[in-house]
Structure formats: structure tokens, C-alpha cells
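Q: One structure follows; several queries about it will come next.
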Amino acid sequence: MDSLIKEFKTAYAGQLGNDLARTLTPDIPNNAAQMMSVWESGNSQSIKDDLKFLFVRDKSARLSMSSDEAAGWQEIYYSYWKALGEILAVEGLRKSRVKTSWTSVYEAWKELTSQIIRGYTNHEFENWTIPCLYVAGKYMRLYAMRADAERGNNGDDTVTNFQDDFDPETEKHKSLEDCARQLNRIFNLCLSDRAPLGESRKWGIYYAINLLFKTYFKLNSAALSKNVLKVLSAGRGDMPDFESFPKSQQVTFKYYEGVLAFLEENYAEAEKNLTLAWLLCHKSATRNKELILTYLIPCHLLTTHTLPSAKLLAPFPRLQALFLKLATAIKKGDLRGFHQALQEGEDEFVKRRIYLTLERGRDIALRNLLRKVFIAGGFMEGAEGGAQVRRTRIPVTEFAAAIRMSSGQDIDTDEVECLLANMIYKNLMKGYIAHERGFVVLSKNGAFPGTGV
Amino acid sequence: MSWASATPPGTQPGYTSYAHAATAYTPVPVRQGFGQPYTLQPQYAAYATPTNPPPAPAAAPAEPQQQQKIDWPDKVRSYVQRSFEPKNMLPDVSREEMEAKLKETISHAKDAGIMYTTEWDNMPLPQMLVRTHRAAQLEAQRAAQMMTSAWSNPAMATAPTEPARANTNHHNSKKRKSNDLSENDPSTGTPWRSNKKLSLLDRISQPPSLDSKSLKQAEKAENRKQRFNNAEYKTYRSPSPPPSTGPILGTCTNLEKSYLRLTAAPKPSLVRPEHILHQTLDLLKKKWRKENNYNYICDQFKSLRQDLTVQRIKNEFTVSVYEIHARIALEKGDLGEYNQCQTQLRALYASGIKGNAVEFKAYRILYFIHTANRTALNDAIADLTTADKEERAIKHALEVRSALALGNYHRFFQLYLDVPNMGAYLMDMFVKRERLAALANMCKAYKPDFKLRFITEELAFESDAEAAQFIIDHNGQHLLVEREDSIIFMAGNAKQLFETARADAHRRVDLKGQI
């Protein structure tokens, strides 16, 4: 405990927010021994007095902080010490007489988070200390998920409610839902600070938002993120410039903003945000780039009808597996290949929520196929000896034959007409169908817009 | 109706099963445990007592018989043992006195039906009871004297309560008969209530008269003591137990019950246990077939579901309740209720309970097509296993989805003509919308015209007349032209008309009952 508070004092004296936050980071995998020694250096009877001594009476290294603020930090380190005890117990690093669980870790950590929030509302904490809020939020979310998973395994559900039906989602995510509420407190704590920007907690807002987004996505209620965006855009005037926030926070935020638009089928907006995230993303953050591309590629397919190049996908074997086959099939107008690729990747696509979007790629594959038929139709003598023009009257049966070959399935001409009507309706093909006479009349100039013919 | 078939109160089977049940549910509060397998007595007693006072004595003869059979709970045995332990003997209480008190205490507990629920471990020993009883009498006498010397009311009222905390039930058995007949019947929920009412009356309308004799005062003090004892039980059995007590066990035996939204924890007496709910379901099925009254059925099913939920019953019976309600709601186009049922069913199937999972997974897909909820649709697909995707109903639903996603109306209307199970009810809900979409599509792509028959076939109308009516309903009468022997649809002129109609129809998705 002594060494921990010493670190705290050094960080505090230098106003080093990140160093300060490190003293509250339960990094068990890397620092188990150190955590252990912190825990063992205290006991439940004397810890409060010890802390008081270290903060107030220890004249050798007294800090220039008000006694009020010192009281706030004491509470925080007391809660941290207790939470550490729970964590070490549940990780099996210390023996505990009472039964331990991630739920009690979560509760202990939540208490710590509350103490930190209180530090800002009641104990005059300054804004350079906000990294402490970050660690609190970050670990709270992790512990909530573990608590839910653990409860799920035990089949322990003691929720009582007065609803007519039980709510399966709530029962599964009890801790995480609670966590979302706590994160919302942090969000509001940052949002509502009216201090001048230089000393405002508003600088913590994107970190809080990103944590909230992650939580809402996990809770399968991504739509709640929309509320956050609304609040944010309402208060944007008093906010520091988005560009002056750390890039890491910008990337994450833009990514989620893009994915949200993507899920709402607002592909133009999605593309804008995802592209920004892509450009800002650190060049060695492969995993993040991969995530961004997962949504940016289907976006591009729909908005610009373009496909990723092999060069773009080269560094991402996972994306290659996801998209390469599909892209090749679309390019070649290979309906059967497209169907197979979609089916093979279905589970993965559905998991990432891009299945329904990718499916629409079939239109592009079909367009490419029909375009081939058109080109194969060759040229006709132009009227009055003019330049040669492409044959624009194409029997429906020719298209039907192409579709049959490409898809490997039998299909009647009515259905072929229906598919052609769709192409025309979606502006992928210009022309009209003359049903009674059984052929398609394509436009002389630009029968397939954007493809050069 | 419900109690006609049950065993009358006081007969052997009733008591034995009671003993059983009580041991099975030790932590359950008194009357719930009693009432559960023996459900019909409360009703019976409630009906019988007002008209016919003698039932209490009538029930008494059955008791001696039962006494032989009774299997004294271990806690009672150890209580008796403790009473006789020399170290617990009190010098001022004789053994005879103690034994008499012990007998009284236990037999009272047995008669009152609280033998299995009384906390014998915390129960004061009989010698202590004798002592407190004496003290109480002394106190009461003193209080009466003080009364006469003009002491204020509240002081007197509170004084005897302290010693009264000890549980002394015995001497009241006689008094209670005179006071309150129903008090002898442990299974009704009412005795403490009527008693409480009495006590209120006591306090408000009967200020202790100054001229009453001290003996009478003592008697009153006894009464009061008894009330406080009962009050202890009252809180134990209070209608709103702390929420941590877990699922309740219903004791209601009415088959039918109107739905009422809960705002607090339910009373067990208003909740039907599972075996009653089974009968309820059978009754509802019969009624639905015979009367086809949806409002009634929906109301009944909602209360049925509520009873299942508050008792946390999650098994195949639960699944079948939700399935049947979902089907009825579908048939009547009540999508709100349907969606509630389907949400529950999804969770129930996911927890491994058997039912018609395939049928309802298919409905679920169709439902989300109707509400155009992409996120939920994605989830519904994510729920499917490889084996699911081979099932006819699910395959059909997935094909419907894919046909619509690709604008393949030709395929869509073929699928519409051949829907497994009750999926057609769901498809009916969005078929109009999709017809407009298809027409908008066709009007843009086809020139100059085609026969009406083509629409009839492509959009799965039953006849040309129906197709024509559909077009006329959307202000397209001018698009229909008679030529030679057939009606021609002037597709080339109708682009804007149906595009607008389509956009309208797609905007108005009824989201009732959406999560």
C-alpha cells in the first residue's frame, strides 16, 4: 500500500493522469505479484487508518491538496483495495473463506467507480485525473460480462419481477445492463461539466461514449447508442473540437457511428464515417482496420458497386476468407459461385450482421452477367449507314439461357422477366421489357450505367 | 365447480397429504403450505362458516384419529427434550405446570396447523412461558390499577406487550372460539385479519372503561397479547413479502381468472398452481373451439401466462401455453400478443425446452419480414441451426425473405400460394404491400402494356376480377383498357401512381408490439 500511495503521490505531483490511473489498474496477468503485495499490505481493520496516515499525517511527502480532496482519494484507494481482494480471490490467487464470484468483483468495482465519480462531484478532482474514470469504466465492463457469463453457467437466476412474462434478455445480462447505467453516469458526469474547456471533464466524453457503445452492442440494443448520439449532437457547440481528442478515441467513435448507420441501412452515412475511421486508424492496428473494412466493403459494394482489390485484402487473411470468393463471383457474374460463397460464409456474415447487405451483391452479379449477354449480342449496322451500334433488342430467352447457365438452375421466363424488371427498377439497367413480344429493349447509350456500355 | 370434486375438509386423505406437503415445503409460510395440496378447504370453510357455525366442532372428532398418525417433526421433539432438561428447569415453575403448558403449546400448534411452521428452535420453553404468563397477568393487574389512578391510554396499551412477545397460544383456544369462529380454521387467510379488525375496534371505539374489574382487565390483556402474537404471524404471511423470497406458490383454484396487470408481488391466494393451470388450458381450448370469443380468450391467456411467470414455471406446459396463445393471436391478427408470445418462446426453446420450435422459428422470420426489422431478422437467422435450415417451414420462410430482398416478386408470390402451418396469416399481412411494390416495379420496367391476366398470375390474385379490383382500389381504373377479348393493363402509364402507393405502404409498417 505504501508503494502504491508513493506512486500516487509522484503522479499527482506531476499531474500525470495516466500514471495516476495506473495505480488503480488491476492488471492481474502482468502484475499479479505486485497486486498481491498491495493486498497483503493491508487488513480490513487497519486499512482505513493506514490510508489516513499516508494521505494526511505522513509529513515526509505531503501533497498540496485540500483535506476534502484527500478524503476522496482515501475512499477510492480503500474501495480499490477491497475490490483487489475480490479479484485476487476469484482468480484463485488468494484463499478466501467466503465464496467468491465475479458478481462480487463487479459489485466491489462498481463501488470504486462510484467513489471516483463522487470525487468529481464532491471532492473537487481536477480534469487531468480523468484517466482514472477510464480504468474504472473499462474494468467495470469486463467484470460485468464475466459476472453475467458466470451466472449463466450456474443457471442461477433469482430475478423476481411483476411482469406478465419474464424477460430473457434482462436475465442474461443483469450485470452488464447495470454496467450500462453506471457508464451512463460517467457519460453525464463528463457531459454536464460547465467549467471552461481547459479544465473541463468534457475531455473524457468520447472515452465514455465508446465504452457505452461497446456495452450497448454487446447487450444487443445498439439502437440505444442513438440516444447518446442525439445528446452529443445537441451539445456539440460547447464541446472541444472532435479533431483535438486522442486519435484512438476518434477512430473508435467513428467506427461505431459508421456501424450504427450501416445497421440502419444508411449506407452513405456509414461510408462517410467508416472511411474517416479507416483514414485515422493507426497503420499497425491490424485488428481495428480489419473491423472497419468488414463494414466498409459491403458499404462500397452497395454505394459504388465496387469490390475490394486483392492488394487491399492482402494483409487481412480473415477478410480474404470472408470476401474474396464473393467478390470474384460478383465480378464474373457467376450466380452459382455467388450463391455458394454466400452460403459458405453465412454463419460468419450473420454474426457480423452483414449478411443481408452482402446478399444484395447478387444484383451486381446479375447485372454483370446480363451485361455480358448484351456485349455478346454484338453490333448492328447503324441506321442509314452510320456507325455500328450494339444490338439493343434482346430476346428474353437469351437472358434466360444465360441465367440458367450461370446459376445452374432451371428458371421460367416469367421469373427471368421479373429479374429483368428489377434490374430496370433499380437503375442497374436502362431499357424496357415488351412482354407480349418477348424481348427487352435496352437503351442505346448507357444500357448498364456506370460500366462503360 | 372446482371444489365439487375435492375431498371434503377434515377427512383423512386431506390431512395426510397436508403432512406430506408441509415437510416438502418447510420454508414456505404456513397457510400456503397447508393450502397447496389441500386447496379446497379455504373456500369451503369460507362458504360454510357464516351460514353454519358448528363446522369447527364437527372437524374436531377427526383430530384424535389423526393424532395417532401424526409424525411429530424433529424440531418439536427436540423442543420437548429441551423442556425437560434439568438445566432449563426454573425453580418457581413446577414440573406439572410446565408439562401442562408444554402440552397446551404443542396441541395448540397442531390444532392451529402451525406445527410445521412455528420456529420451535426459537420458541421459548414452556417454563419460560409460564413465567411470562404470570408476569403478564401481574402487569395487567398493575395496569388496571394504574388505569383507575387515571393513567393515560397509550401507556397502558403498550405495557403488556413486552412480556407478550413470548409465544403463548394455549389459553386462547377457548376464548378464540367465542371471539372469532373462523380463527379455529387455520387454512383461511382471514383469522388474523378479522382479529386485527377487532383490535382496531378495541382501540378506537372501546377505551378501557374505568370501572371495569381488574380481572376483566387481565382478560383483556390476554386478548391483546394474543393479538400481538397473531400480528407476528401476520407479518410473516404478509401479502407483499420481500421480493427476495423467490417464486411464490399459488393456492387459487378457480379455473378462470381475469387478467390484471401486477403492480406489486401477487398474493398466493390469487395465483393458480400448475395443476390447476393445466385444467384451465383444457377449458380454454374447449371454449375457444365452441365460442370463438377472442377478447375473452386473450384475457384468460394473459392471466394464465402471468400465473406461470410469477411462479417461475418454465417447462413444456409453459411452452404449449405460449404456443397456443400465439396461434390464436395469429389467427386473429393480434400481432402485439403474438409477438410477446414469440419472444418468450424463443427464450424457452433456447433453454432447451421441447415444443414446436421449427414452426415458430419460421413464423418469427415471417413476422420480422412483416415489421421490416432487419436487426431482429438477422438475429432470427442467427438462431437457426444447420438442421433447422433443412426444415420445410423454415426453408420456406428463408426463401420468402430472400425473394423479397432481391425483389423477386415472381418467386415471392409462388411461395405465398404454398405456406406451411399458419404462416399464411402472417404473409397476408404484408402481401398487399408487396403487390404494390411489384406493380411499381413492373410499371417501370414494362412498356407499353400487357394483359391483366399476367398480373393475376404473377401477383397470385384469385381471379382477373380481384386483380382489377386491386388496381381500381388504388385509383388505377384508367389504366385498364378492354381490347379484343381481354383486358389490357397500361403499365407504361402507371409508373408514378404505384411508386407512390408502394412508398406509402412501406412506410406504414405496424410496429405494434415491437420490442
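Chains: A, B, ... in order of the C-alpha cells. Residues: from 1 per chain. Ligands: from 1, in order shown.
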Pull out every residue of chain B sitting within 6 Å of chain A, counting only C-alpha atoms, and send them as a compact mmCIF listing (two decimals) with C-alpha atoms, in the first residue's frame.

A:
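So the final result, stored in part15.txt, reads:
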```txt
# COMPACT_ATOMS: atom_id res chain seq x y z
CA LEU B 262 -49.49 -6.58 -11.45
CA GLN B 306 -48.93 -14.25 -15.62
CA THR B 309 -44.41 -16.24 -14.74
CA ALA B 382 -28.52 -16.35 -36.36
CA HIS B 410 -42.42 -13.88 -59.08
CA ASN B 441 -41.57 -2.43 -60.34
CA ALA B 445 -39.92 -1.95 -66.47
CA TYR B 446 -42.68 -2.87 -68.89
CA LYS B 447 -43.79 -0.93 -71.93
```

Q: For Ile297 in chain A, list every protein, DNA or RNA residue within 9 Å, evaluated using only C-alpha atoms, and leave out those in the same chain fewer than 5 positions away; present the list as an mmCIF file with C-alpha atoms, in the first residue's frame.

A:
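Final output, selection34.cif:
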```cif
data_model
loop_
_atom_site.group_PDB
_atom_site.id
_atom_site.type_symbol
_atom_site.label_atom_id
_atom_site.label_comp_id
_atom_site.auth_asym_id
_atom_site.auth_seq_id
_atom_site.Cartn_x
_atom_site.Cartn_y
_atom_site.Cartn_z
ATOM 1 C CA ILE A 292 -13.552 -1.234 -40.201
ATOM 2 C CA LEU A 302 -23.860 -1.068 -52.457
ATOM 3 C CA THR A 306 -17.054 -1.601 -56.362
ATOM 4 C CA LEU A 307 -15.175 -4.515 -54.924
ATOM 5 C CA PRO A 308 -12.043 -4.693 -52.804
ATOM 6 C CA PHE A 323 -14.926 -11.611 -49.156
#
```

Q: What is the CA of Ile205 in chain A to CA of Leu191 in chain A distance in Å?

A: 6.5 Å

Q: How far is it from CA of Ala108 in chain A to CA of Ser79 in chain A, in Å with one decimal?

A: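 CA of Ser79 in chain A lies 7.2 Å from CA of Ala108 in chain A.
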
Q: What lies within 9 Å of Gly137 in chain A using only C-alpha atoms, ignoring chain neighbours under 2 positions off, as a ChimeraX atom specification?

A: /A:110,113,132-135,139-142,179,182-183,186,208,211

Q: Would you give me, as number ranges by chain, the residues in range 243-491 of chain B that DSSP reads as alpha helix (DSSP H)?

A: B: 274-291, 294-310, 316-331, 335-350, 357-371, 374-382, 392-405, 409-416, 423-445, 452-458, 464-473

Q: Give me the residues within 9 Å of range 341-347 of chain B as a list in words, counting only C-alpha atoms and dropping any in the same chain fewer than 4 places off.

A: Asp165, Phe166, Asp167, Pro168 and Glu169 of chain A; Thr318, Val319, Tyr322, Glu323, His325, Ala326, Gly336, Glu337, Ser351, Gly352, Gly355, Ala357, Phe360, Lys361, Tyr363, Arg364 and Ile515 of chain B

Q: Convert the current residue selection to file output with C-alpha atoms, as a PDB file, in the first residue's frame.

A:
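Full text of out.pdb as output:
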```
ATOM      1  CA  ASP A 165     -43.765 -12.522 -18.984  1.00  0.00           C
ATOM      2  CA  PHE A 166     -40.182 -12.981 -17.952  1.00  0.00           C
ATOM      3  CA  ASP A 167     -37.623 -11.004 -19.819  1.00  0.00           C
ATOM      4  CA  PRO A 168     -34.972 -13.335 -21.210  1.00  0.00           C
ATOM      5  CA  GLU A 169     -32.540 -10.568 -22.144  1.00  0.00           C
TER       6      GLU A 169
ATOM      7  CA  THR B 318     -45.384 -23.245 -20.420  1.00  0.00           C
ATOM      8  CA  VAL B 319     -44.272 -23.721 -23.997  1.00  0.00           C
ATOM      9  CA  TYR B 322     -47.444 -19.713 -25.300  1.00  0.00           C
ATOM     10  CA  GLU B 323     -47.719 -21.699 -28.490  1.00  0.00           C
ATOM     11  CA  HIS B 325     -51.873 -18.287 -27.461  1.00  0.00           C
ATOM     12  CA  ALA B 326     -49.503 -17.340 -30.274  1.00  0.00           C
ATOM     13  CA  GLY B 336     -48.915  -7.444 -30.260  1.00  0.00           C
ATOM     14  CA  GLU B 337     -49.827 -10.535 -28.276  1.00  0.00           C
ATOM     15  CA  SER B 351     -33.201 -23.035 -22.829  1.00  0.00           C
ATOM     16  CA  GLY B 352     -33.787 -26.478 -24.250  1.00  0.00           C
ATOM     17  CA  GLY B 355     -42.036 -27.673 -28.318  1.00  0.00           C
ATOM     18  CA  ALA B 357     -39.614 -24.849 -32.341  1.00  0.00           C
ATOM     19  CA  PHE B 360     -42.359 -20.890 -34.528  1.00  0.00           C
ATOM     20  CA  LYS B 361     -38.888 -20.119 -35.807  1.00  0.00           C
ATOM     21  CA  TYR B 363     -43.208 -17.596 -38.030  1.00  0.00           C
ATOM     22  CA  ARG B 364     -40.589 -15.465 -36.393  1.00  0.00           C
ATOM     23  CA  ILE B 515     -39.624  -4.695 -28.575  1.00  0.00           C
TER      24      ILE B 515
END
```

Q: Quick one: residues within 7 Å of Tyr143 in chain A, only C-alpha atoms counted, chain neighbours fewer than 6 positions away excluded, as a PyMOL selection string?

A: chain A and resi 102+105-106

Q: From the list A:Ile47, A:Leu296, A:Met405, A:Thr451, which residue is nearest Ile375 in chain A when using only C-alpha atoms?

A: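 Comparing A:Ile47, A:Leu296, A:Met405, A:Thr451 against Ile375 in chain A, the winner is A:Thr451.
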
Q: Rank nothing, just name the residue among B:Ile488, B:Leu436, B:Ala424, B:Leu479 nearest to Arg502 in chain B, using only C-alpha atoms.

A: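 Under the stated criterion, the closest residue is B:Leu436.
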
Q: Please report the interatomic distance between CA of Asn421 in chain B and CA of Tyr367 in chain B in Å with one decimal.

A: 13.9 Å

Q: Which neighbours of range 242-254 of chain A fall inside 9 Å, counting only C-alpha atoms, when residues of the same chain fewer than 4 positions from it are skipped, and could you give them as a ChimeraX atom specification?

A: /A:203,206-207,209-210,213,258-259,273-282,288

Q: Show me, as a PyMOL selection string, the residues that have an atom within 10 Å of Leu112 in chain A when counting only C-alpha atoms, minus same-chain residues fewer than 4 positions from it.

A: chain A and resi 24+75-83+106-108+116-118+136+140

Q: Save the residues we just selected, C-alpha atoms, as a PDB file, in the first residue's frame?

A:
```pdb
ATOM      1  CA  LEU A  24      -5.813   1.901  -9.979  1.00  0.00           C
ATOM      2  CA  GLU A  75     -12.123   6.438  -0.128  1.00  0.00           C
ATOM      3  CA  ILE A  76     -11.033   5.492  -3.634  1.00  0.00           C
ATOM      4  CA  TYR A  77      -7.964   3.584  -2.500  1.00  0.00           C
ATOM      5  CA  TYR A  78      -9.974   1.909   0.196  1.00  0.00           C
ATOM      6  CA  SER A  79     -12.511   0.710  -2.378  1.00  0.00           C
ATOM      7  CA  TYR A  80      -9.715  -0.276  -4.710  1.00  0.00           C
ATOM      8  CA  TRP A  81      -8.063  -2.330  -2.007  1.00  0.00           C
ATOM      9  CA  LYS A  82     -11.353  -4.128  -1.313  1.00  0.00           C
ATOM     10  CA  ALA A  83     -12.008  -4.740  -4.997  1.00  0.00           C
ATOM     11  CA  TYR A 106     -18.303  -6.468 -10.189  1.00  0.00           C
ATOM     12  CA  GLU A 107     -20.093  -5.046  -7.159  1.00  0.00           C
ATOM     13  CA  ALA A 108     -16.821  -4.099  -5.485  1.00  0.00           C
ATOM     14  CA  ILE A 116     -14.333   8.038  -8.335  1.00  0.00           C
ATOM     15  CA  ILE A 117     -17.455   9.696  -9.739  1.00  0.00           C
ATOM     16  CA  ARG A 118     -18.036  11.160  -6.300  1.00  0.00           C
ATOM     17  CA  ALA A 136     -12.883   2.374 -13.762  1.00  0.00           C
ATOM     18  CA  MET A 140     -16.286  -2.423 -14.819  1.00  0.00           C
TER      19      MET A 140
END
```
